[in-house]
Amino acid sequence: MSSTIRISLAQITSGENPADNLELIDTHARAAAHAGSDLVVFPEATMRCFGGPIRKVAQPLDGEWAHAVREIAATNGITVVAGMFTPAADDRVANTLLVTGTGIDASYDKIHLFDAFGFAESDTVAPGSDPLVVGIAGVQVGFATCYDIRFPALFQKLGDLGADVIVVPASWGAGDGKVEQWTLLARARALDSTTFIAACDQAEPVAAEGNAPRGVGHSIVSSPTGEILGQLDSTPGMLTIDIDTALVDAVRKSLPVLKNRKHFDA
């Protein structure tokens with residue numbers, strides 16, 4: 001059985017003020033709903049951009065910021081995915097995706113932390129442990145965040161759990177070859193898991209100091225065969241794509257990589 005879902009990727013540049021970033025969510029959620037989308041995806045760190053004190057802005061999932069996102073989703077009749085920070089143990093936070101709207105209220109905590117390229121996310125962020133798949137508009141949607149995209153096993157696990165589409169909000173770090181790596185990884189994870197990948201990055205900021213990952217843009221949607229179905233440039237924008245999951249079933253019958261793969265002991 002197949003279903004079609006329309007997804008909008010809202011490639012924004014979030015700022016330091018969570019209230020201002022709610023306005024960005026409201027604007028783009030309304031535009032996505034007007035476009036007929038079932039789901040609008042915002043980047044990692046939508047609540048507050050990296051490069052500042054994220055502990056100070058962290059709120060629980062029943063806090064004011066998440067409640068405001070829920071109201072935006074309800075008002076527009078759309079499911080919203082937005083990156084935020086929630087309190088965690090050891091004076092750290094969780095890098096959380098809030099998934100809310102159209103009767104859905106779920107969350108995913110980023111599993112793989114970005115301790116790379118001179119940045120140590122684990123200094124302030126505690127890792128999650130549980131993969132998440134949610135039914136949205138009749139389609140099983142899995143979730144991953146930014147650095148997660150470098151780890152094929154998570155995407156294969158989401159495929160095992162029934163995901164036909166995996167959304168990947170990100171705030172990708174800039175650098176030589178990083179845009180190419182981002183787009184290549186999105187297509188590779190689609191092939192690994194035989195799912196559609198809808199990867200939404202922060203737009204490239206006008207100016208960024210330090211080594212905090214602030215985004216490079218180039219949000220992308222890949223088919224299960226690695227075909228690029230749509231892609232943005234580095235500037236703010238919105239990409240809307242219709243996804244027919246019948247292709248997932250067809251690919252998995254002809255190229256059953258999830259079924260054929262072998263599991264090795266550590």
# chains A, B, ... in the order shown; residues from 1 in each chain; ligands from 1
>>> residues_around(residues="region 182-191 of chain A", least_positions_apart="4", cutoff="7 Å", atoms="only C-alpha atoms", output="list in words")
Ile149, Arg150, Pro152, Phe155, Lys178, Thr195, Phe196, Ile197, Ala199, Ile220, Ser222, Ser223, Pro224, Thr225 and Gly226 of chain A
>>> select_by_dssp(residues="region 38-235 of chain A", states="strand (DSSP E or B)", output="tab-separated table (two decimals) with N, CA, C and O atoms, in the first residue's frame")
chain	number	residue	atom	x	y	z
A	39	LEU	N	3.41	18.34	5.91
A	39	LEU	CA	4.51	18.40	6.86
A	39	LEU	C	5.44	19.53	6.47
A	39	LEU	O	5.80	19.66	5.30
A	40	VAL	N	5.84	20.35	7.45
A	40	VAL	CA	6.85	21.36	7.22
A	40	VAL	C	8.00	21.11	8.18
A	40	VAL	O	7.80	20.92	9.38
A	41	VAL	N	9.21	21.04	7.63
A	41	VAL	CA	10.40	20.70	8.40
A	41	VAL	C	11.30	21.92	8.52
A	41	VAL	O	11.65	22.54	7.51
A	79	THR	N	1.60	19.43	10.23
A	79	THR	CA	2.58	18.89	11.17
A	79	THR	C	3.89	19.66	11.02
A	79	THR	O	4.36	19.88	9.90
A	80	VAL	N	4.44	20.07	12.15
A	80	VAL	CA	5.67	20.87	12.18
A	80	VAL	C	6.78	20.06	12.85
A	80	VAL	O	6.57	19.43	13.89
A	81	VAL	N	7.97	20.09	12.25
A	81	VAL	CA	9.18	19.55	12.87
A	81	VAL	C	10.14	20.71	13.07
A	81	VAL	O	10.47	21.41	12.10
A	82	ALA	N	10.57	20.92	14.30
A	82	ALA	CA	11.47	22.04	14.59
A	82	ALA	C	12.49	21.64	15.64
A	82	ALA	O	12.16	20.97	16.62
A	83	GLY	N	13.73	22.06	15.43
A	83	GLY	CA	14.80	21.76	16.37
A	83	GLY	C	14.79	22.71	17.56
A	83	GLY	O	14.69	23.93	17.41
A	84	MET	N	14.90	22.14	18.76
A	84	MET	CA	14.92	22.92	19.98
A	84	MET	C	15.89	22.29	20.97
A	84	MET	O	16.51	21.25	20.68
A	85	PHE	N	16.03	22.88	22.14
A	85	PHE	CA	16.89	22.33	23.19
A	85	PHE	C	16.07	22.14	24.45
A	85	PHE	O	15.33	23.04	24.87
A	86	THR	N	16.17	20.95	25.02
A	86	THR	CA	15.43	20.62	26.24
A	86	THR	C	16.42	20.27	27.35
A	86	THR	O	17.52	19.79	27.09
A	87	PRO	N	16.04	20.49	28.61
A	87	PRO	CA	16.96	20.21	29.72
A	87	PRO	C	17.30	18.72	29.80
A	87	PRO	O	16.47	17.86	29.52
A	93	VAL	N	22.00	19.80	27.88
A	93	VAL	CA	20.69	19.84	27.24
A	93	VAL	C	20.60	18.67	26.26
A	93	VAL	O	21.60	18.03	25.94
A	94	ALA	N	19.40	18.39	25.78
A	94	ALA	CA	19.19	17.47	24.67
A	94	ALA	C	18.93	18.29	23.42
A	94	ALA	O	18.27	19.33	23.47
A	95	ASN	N	19.48	17.84	22.31
A	95	ASN	CA	19.25	18.45	21.00
A	95	ASN	C	18.02	17.75	20.43
A	95	ASN	O	18.11	16.65	19.87
A	96	THR	N	16.87	18.39	20.57
A	96	THR	CA	15.57	17.74	20.39
A	96	THR	C	14.86	18.22	19.14
A	96	THR	O	14.87	19.40	18.82
A	97	LEU	N	14.23	17.28	18.44
A	97	LEU	CA	13.28	17.62	17.40
A	97	LEU	C	11.88	17.48	17.98
A	97	LEU	O	11.50	16.41	18.46
A	98	LEU	N	11.12	18.56	17.93
A	98	LEU	CA	9.71	18.53	18.29
A	98	LEU	C	8.91	18.22	17.03
A	98	LEU	O	9.09	18.88	16.00
A	99	VAL	N	8.04	17.23	17.11
A	99	VAL	CA	7.19	16.82	15.99
A	99	VAL	C	5.75	16.99	16.47
A	99	VAL	O	5.29	16.25	17.35
A	100	THR	N	5.02	17.94	15.91
A	100	THR	CA	3.72	18.27	16.48
A	100	THR	C	2.75	18.76	15.42
A	100	THR	O	3.14	19.35	14.42
A	101	GLY	N	1.46	18.49	15.67
A	101	GLY	CA	0.40	18.97	14.79
A	101	GLY	C	-0.37	17.83	14.16
A	101	GLY	O	0.14	16.73	14.00
A	104	ILE	N	-0.52	14.77	16.30
A	104	ILE	CA	0.79	14.16	16.59
A	104	ILE	C	1.52	15.01	17.61
A	104	ILE	O	1.52	16.25	17.53
A	105	ASP	N	2.15	14.39	18.57
A	105	ASP	CA	3.02	15.09	19.51
A	105	ASP	C	4.11	14.12	19.94
A	105	ASP	O	3.89	13.23	20.76
A	106	ALA	N	5.29	14.28	19.36
A	106	ALA	CA	6.40	13.36	19.61
A	106	ALA	C	7.70	14.16	19.61
A	106	ALA	O	7.73	15.35	19.28
A	107	SER	N	8.78	13.49	19.98
A	107	SER	CA	10.08	14.16	19.98
A	107	SER	C	11.19	13.14	19.77
A	107	SER	O	11.04	11.96	20.08
A	108	TYR	N	12.30	13.64	19.25
A	108	TYR	CA	13.49	12.82	19.02
A	108	TYR	C	14.70	13.58	19.53
A	108	TYR	O	14.89	14.77	19.20
A	109	ASP	N	15.53	12.92	20.33
A	109	ASP	CA	16.77	13.50	20.82
A	109	ASP	C	17.94	12.97	19.99
A	109	ASP	O	18.12	11.75	19.86
A	115	ASP	N	31.10	15.90	17.70
A	115	ASP	CA	32.43	16.11	18.28
A	115	ASP	C	33.44	15.94	17.15
A	115	ASP	O	34.10	14.90	17.03
A	116	ALA	N	33.53	16.93	16.31
A	116	ALA	CA	34.33	16.83	15.08
A	116	ALA	C	34.66	18.23	14.58
A	116	ALA	O	34.00	19.21	14.95
A	119	PHE	N	34.76	21.13	17.01
A	119	PHE	CA	33.56	21.49	17.78
A	119	PHE	C	33.19	20.31	18.66
A	119	PHE	O	33.25	19.17	18.22
A	120	ALA	N	32.84	20.57	19.91
A	120	ALA	CA	32.51	19.49	20.85
A	120	ALA	C	31.08	19.67	21.36
A	120	ALA	O	30.84	20.27	22.40
A	125	VAL	N	25.68	19.05	25.27
A	125	VAL	CA	24.52	18.26	24.85
A	125	VAL	C	24.68	16.81	25.27
A	125	VAL	O	25.75	16.22	25.07
A	126	ALA	N	23.63	16.25	25.83
A	126	ALA	CA	23.60	14.83	26.18
A	126	ALA	C	22.98	14.05	25.03
A	126	ALA	O	22.00	14.50	24.42
A	133	VAL	N	9.98	6.79	14.70
A	133	VAL	CA	9.19	6.74	13.46
A	133	VAL	C	7.76	7.10	13.83
A	133	VAL	O	7.20	6.56	14.78
A	134	VAL	N	7.17	8.02	13.07
A	134	VAL	CA	5.82	8.52	13.35
A	134	VAL	C	4.99	8.46	12.07
A	134	VAL	O	5.49	8.78	10.98
A	135	GLY	N	3.74	8.09	12.19
A	135	GLY	CA	2.83	8.12	11.06
A	135	GLY	C	2.30	9.52	10.82
A	135	GLY	O	1.67	10.11	11.71
A	136	ILE	N	2.56	10.08	9.62
A	136	ILE	CA	2.11	11.42	9.26
A	136	ILE	C	1.42	11.33	7.90
A	136	ILE	O	2.03	10.89	6.92
A	139	VAL	N	1.85	8.15	6.08
A	139	VAL	CA	3.21	7.76	5.71
A	139	VAL	C	4.04	7.61	6.98
A	139	VAL	O	3.95	8.44	7.89
A	140	GLN	N	4.87	6.58	7.02
A	140	GLN	CA	5.76	6.38	8.16
A	140	GLN	C	7.03	7.22	7.95
A	140	GLN	O	7.77	7.02	6.99
A	141	VAL	N	7.24	8.14	8.88
A	141	VAL	CA	8.33	9.10	8.77
A	141	VAL	C	9.31	8.90	9.92
A	141	VAL	O	8.91	8.90	11.09
A	142	GLY	N	10.59	8.72	9.59
A	142	GLY	CA	11.63	8.61	10.58
A	142	GLY	C	12.38	9.92	10.74
A	142	GLY	O	12.27	10.82	9.91
A	143	PHE	N	13.16	10.00	11.81
A	143	PHE	CA	13.81	11.26	12.15
A	143	PHE	C	15.27	11.05	12.50
A	143	PHE	O	15.64	10.08	13.17
A	165	VAL	N	10.03	7.54	4.64
A	165	VAL	CA	10.67	8.85	4.51
A	165	VAL	C	11.44	9.12	5.79
A	165	VAL	O	10.94	8.82	6.89
A	166	ILE	N	12.64	9.69	5.67
A	166	ILE	CA	13.39	10.11	6.85
A	166	ILE	C	13.72	11.59	6.68
A	166	ILE	O	14.32	11.98	5.67
A	167	VAL	N	13.32	12.40	7.65
A	167	VAL	CA	13.64	13.82	7.61
A	167	VAL	C	14.86	14.07	8.48
A	167	VAL	O	15.01	13.47	9.54
A	168	VAL	N	15.72	14.97	8.01
A	168	VAL	CA	16.99	15.23	8.69
A	168	VAL	C	17.18	16.74	8.84
A	168	VAL	O	17.81	17.39	8.00
A	169	PRO	N	16.66	17.34	9.90
A	169	PRO	CA	16.98	18.74	10.18
A	169	PRO	C	18.46	18.86	10.56
A	169	PRO	O	19.01	17.99	11.23
A	170	ALA	N	19.09	19.95	10.13
A	170	ALA	CA	20.53	20.10	10.37
A	170	ALA	C	20.90	21.56	10.53
A	170	ALA	O	20.18	22.48	10.12
A	196	PHE	N	13.07	7.65	1.16
A	196	PHE	CA	13.26	9.04	0.75
A	196	PHE	C	13.95	9.78	1.89
A	196	PHE	O	13.62	9.58	3.07
A	197	ILE	N	14.90	10.64	1.57
A	197	ILE	CA	15.55	11.49	2.55
A	197	ILE	C	15.18	12.93	2.26
A	197	ILE	O	15.37	13.42	1.13
A	198	ALA	N	14.65	13.61	3.26
A	198	ALA	CA	14.32	15.03	3.16
A	198	ALA	C	15.15	15.76	4.20
A	198	ALA	O	14.83	15.74	5.39
A	199	ALA	N	16.25	16.37	3.76
A	199	ALA	CA	17.25	16.94	4.67
A	199	ALA	C	17.19	18.46	4.61
A	199	ALA	O	17.42	19.06	3.55
A	200	CYS	N	16.87	19.08	5.74
A	200	CYS	CA	16.65	20.53	5.81
A	200	CYS	C	17.72	21.18	6.66
A	200	CYS	O	17.78	20.97	7.87
A	201	ASP	N	18.55	21.99	6.03
A	201	ASP	CA	19.65	22.65	6.71
A	201	ASP	C	19.31	24.11	7.01
A	201	ASP	O	18.45	24.71	6.36
A	220	ILE	N	17.89	19.31	0.69
A	220	ILE	CA	17.80	18.38	-0.44
A	220	ILE	C	16.80	17.27	-0.15
A	220	ILE	O	16.64	16.85	1.00
A	221	VAL	N	16.13	16.81	-1.19
A	221	VAL	CA	15.28	15.63	-1.11
A	221	VAL	C	15.83	14.61	-2.10
A	221	VAL	O	16.01	14.91	-3.28
A	222	SER	N	16.09	13.39	-1.60
A	222	SER	CA	16.60	12.30	-2.43
A	222	SER	C	15.60	11.15	-2.44
A	222	SER	O	14.98	10.84	-1.42
A	228	ILE	N	18.18	13.08	-7.00
A	228	ILE	CA	17.85	14.36	-6.37
A	228	ILE	C	16.52	14.85	-6.92
A	228	ILE	O	16.39	15.13	-8.11
A	229	LEU	N	15.53	14.95	-6.04
A	229	LEU	CA	14.20	15.39	-6.45
A	229	LEU	C	14.02	16.90	-6.31
A	229	LEU	O	13.11	17.47	-6.92
A	230	GLY	N	14.87	17.52	-5.52
A	230	GLY	CA	14.82	18.96	-5.35
A	230	GLY	C	15.94	19.40	-4.44
A	230	GLY	O	16.37	18.64	-3.56
A	231	GLN	N	16.44	20.62	-4.65
A	231	GLN	CA	17.53	21.12	-3.84
A	231	GLN	C	17.53	22.64	-3.87
A	231	GLN	O	17.27	23.25	-4.91
>>> closest_residue(among="A:Gly103, A:Gly51, A:Leu113, A:Gly128", to="Ala88 (chain A)", atoms="only C-alpha atoms")
A:Gly128
>>> atom_distance(atom1="CA of Asp244 (chain A)", atom2="CA of Trp172 (chain A)")
27.5 Å
>>> select_by_dssp(residues="region 26-244 of chain A", states="alpha helix (DSSP H)", output="MDAnalysis selection string")
chainID A and resid 26:34 54:57 64:76 152:160 178:193
>>> closest_residue(among="A:Phe50, A:Ala19, A:Leu154, A:Ile241", to="Ala66 (chain A)", atoms="only C-alpha atoms")
A:Ala19
>>> closest_residue(among="A:Ser193, A:Asn17, A:Ile7, A:His263", to="Val251 (chain A)", atoms="only C-alpha atoms")
A:Ser193
>>> closest_residue(among="A:Ser37, A:Thr13, A:Asn260, A:Ser3", to="Cys49 (chain A)", atoms="only C-alpha atoms")
A:Thr13
>>> residues_around(residues="Asp26 (chain A)", least_positions_apart="6", cutoff="10 Å", atoms="only C-alpha atoms", output="ChimeraX atom specification")
/A:32,68-69,71-73,75-76
>>> write_last_selection(atoms="C-alpha atoms", output="PDB file, in the first residue's frame")
ATOM      1  CA  ALA A  32       3.627  25.487   3.667  1.00  0.00           C
ATOM      2  CA  ALA A  68       3.813  28.116  20.851  1.00  0.00           C
ATOM      3  CA  VAL A  69       5.000  25.745  18.098  1.00  0.00           C
ATOM      4  CA  GLU A  71      -0.324  26.436  18.475  1.00  0.00           C
ATOM      5  CA  ILE A  72       1.227  27.379  15.133  1.00  0.00           C
ATOM      6  CA  ALA A  73       0.821  23.817  13.891  1.00  0.00           C
ATOM      7  CA  THR A  75      -3.709  27.003  13.593  1.00  0.00           C
ATOM      8  CA  ASN A  76      -2.359  25.999  10.196  1.00  0.00           C
TER       9      ASN A  76
END
>>> residues_around(residues="Gly237 (chain A)", least_positions_apart="4", cutoff="8 Å", atoms="only C-alpha atoms", output="ChimeraX atom specification")
/A:10-12,232
>>> atom_distance(atom1="CA of Phe117 (chain A)", atom2="CA of Pro131 (chain A)")
25.3 Å
>>> atom_distance(atom1="CA of Asn211 (chain A)", atom2="CA of Gly118 (chain A)")
6.9 Å
>>> residues_around(residues="Val57 (chain A)", least_positions_apart="2", cutoff="9 Å", atoms="only C-alpha atoms", output="number ranges by chain")
A: 17-18, 47-48, 53-55, 59, 85-86
>>> write_last_selection(atoms="all heavy atoms", output="mmCIF file, in the first residue's frame")
data_model
loop_
_atom_site.group_PDB
_atom_site.id
_atom_site.type_symbol
_atom_site.label_atom_id
_atom_site.label_comp_id
_atom_site.auth_asym_id
_atom_site.auth_seq_id
_atom_site.Cartn_x
_atom_site.Cartn_y
_atom_site.Cartn_z
ATOM 1 N N ASN A 17 17.399 34.818 19.395
ATOM 2 C CA ASN A 17 16.202 35.047 20.206
ATOM 3 C C ASN A 17 15.127 34.020 19.861
ATOM 4 O O ASN A 17 14.579 34.028 18.754
ATOM 5 C CB ASN A 17 15.669 36.467 19.954
ATOM 6 C CG ASN A 17 14.544 36.838 20.890
ATOM 7 O OD1 ASN A 17 13.727 35.998 21.271
ATOM 8 N ND2 ASN A 17 14.479 38.099 21.271
ATOM 9 N N PRO A 18 14.786 33.118 20.800
ATOM 10 C CA PRO A 18 13.769 32.098 20.500
ATOM 11 C C PRO A 18 12.422 32.669 20.080
ATOM 12 O O PRO A 18 11.734 32.079 19.242
ATOM 13 C CB PRO A 18 13.664 31.319 21.818
ATOM 14 C CG PRO A 18 15.011 31.470 22.447
ATOM 15 C CD PRO A 18 15.424 32.878 22.112
ATOM 16 N N MET A 47 15.209 26.792 17.478
ATOM 17 C CA MET A 47 14.911 27.550 18.697
ATOM 18 C C MET A 47 15.936 28.657 18.923
ATOM 19 O O MET A 47 15.582 29.785 19.279
ATOM 20 C CB MET A 47 14.903 26.604 19.894
ATOM 21 C CG MET A 47 14.523 27.256 21.210
ATOM 22 S SD MET A 47 14.737 26.065 22.568
ATOM 23 C CE MET A 47 13.586 26.710 23.765
ATOM 24 N N ARG A 48 17.223 28.295 18.733
ATOM 25 C CA ARG A 48 18.311 29.260 18.864
ATOM 26 C C ARG A 48 19.497 28.733 18.072
ATOM 27 O O ARG A 48 19.831 27.557 18.150
ATOM 28 C CB ARG A 48 18.746 29.449 20.320
ATOM 29 C CG ARG A 48 19.703 30.616 20.502
ATOM 30 C CD ARG A 48 20.665 30.431 21.656
ATOM 31 N NE ARG A 48 21.429 31.640 21.893
ATOM 32 C CZ ARG A 48 22.513 32.007 21.192
ATOM 33 N NH1 ARG A 48 22.954 31.236 20.196
ATOM 34 N NH2 ARG A 48 23.151 33.124 21.460
ATOM 35 N N PRO A 53 24.949 30.559 24.202
ATOM 36 C CA PRO A 53 24.590 29.776 25.403
ATOM 37 C C PRO A 53 23.265 29.037 25.268
ATOM 38 O O PRO A 53 22.215 29.517 25.691
ATOM 39 C CB PRO A 53 24.540 30.835 26.496
ATOM 40 C CG PRO A 53 24.156 32.091 25.775
ATOM 41 C CD PRO A 53 24.787 32.008 24.412
ATOM 42 N N ILE A 54 23.299 27.846 24.677
ATOM 43 C CA ILE A 54 22.053 27.115 24.459
ATOM 44 C C ILE A 54 21.451 26.606 25.770
ATOM 45 O O ILE A 54 20.240 26.376 25.850
ATOM 46 C CB ILE A 54 22.243 25.946 23.464
ATOM 47 C CG1 ILE A 54 23.336 24.982 23.932
ATOM 48 C CG2 ILE A 54 22.556 26.477 22.076
ATOM 49 C CD1 ILE A 54 23.483 23.758 23.060
ATOM 50 N N ARG A 55 22.275 26.423 26.809
ATOM 51 C CA ARG A 55 21.713 25.989 28.102
ATOM 52 C C ARG A 55 20.680 26.997 28.617
ATOM 53 O O ARG A 55 19.681 26.623 29.230
ATOM 54 C CB ARG A 55 22.819 25.832 29.138
ATOM 55 C CG ARG A 55 23.767 24.659 28.953
ATOM 56 C CD ARG A 55 24.659 24.541 30.181
ATOM 57 N NE ARG A 55 25.711 23.537 30.055
ATOM 58 C CZ ARG A 55 26.956 23.809 29.695
ATOM 59 N NH1 ARG A 55 27.305 25.051 29.386
ATOM 60 N NH2 ARG A 55 27.861 22.847 29.619
ATOM 61 N N GLN A 59 14.233 24.594 27.215
ATOM 62 C CA GLN A 59 12.940 24.489 27.893
ATOM 63 C C GLN A 59 12.416 23.070 27.752
ATOM 64 O O GLN A 59 12.705 22.396 26.762
ATOM 65 C CB GLN A 59 11.913 25.447 27.278
ATOM 66 C CG GLN A 59 12.201 26.911 27.454
ATOM 67 C CD GLN A 59 11.087 27.771 26.866
ATOM 68 O OE1 GLN A 59 9.961 27.304 26.650
ATOM 69 N NE2 GLN A 59 11.393 29.028 26.607
ATOM 70 N N PHE A 85 16.030 22.877 22.144
ATOM 71 C CA PHE A 85 16.886 22.334 23.187
ATOM 72 C C PHE A 85 16.068 22.141 24.450
ATOM 73 O O PHE A 85 15.328 23.038 24.866
ATOM 74 C CB PHE A 85 18.069 23.276 23.449
ATOM 75 C CG PHE A 85 18.906 23.521 22.226
ATOM 76 C CD1 PHE A 85 18.823 24.726 21.544
ATOM 77 C CD2 PHE A 85 19.746 22.536 21.738
ATOM 78 C CE1 PHE A 85 19.572 24.948 20.397
ATOM 79 C CE2 PHE A 85 20.503 22.743 20.587
ATOM 80 C CZ PHE A 85 20.417 23.958 19.924
ATOM 81 N N THR A 86 16.169 20.948 25.024
ATOM 82 C CA THR A 86 15.433 20.616 26.239
ATOM 83 C C THR A 86 16.416 20.266 27.349
ATOM 84 O O THR A 86 17.522 19.790 27.088
ATOM 85 C CB THR A 86 14.481 19.433 25.989
ATOM 86 O OG1 THR A 86 15.229 18.312 25.503
ATOM 87 C CG2 THR A 86 13.411 19.797 24.957
#
>>> closest_residue(among="A:Thr194, A:Pro60, A:Asp176, A:Asp123", to="Leu158 (chain A)", atoms="only C-alpha atoms")
A:Thr194
>>> residues_around(residues="His112 (chain A)", least_positions_apart="5", cutoff="8 Å", atoms="only C-alpha atoms", output="JSON, numbers by chain")
{"A": [127, 128, 147, 148]}
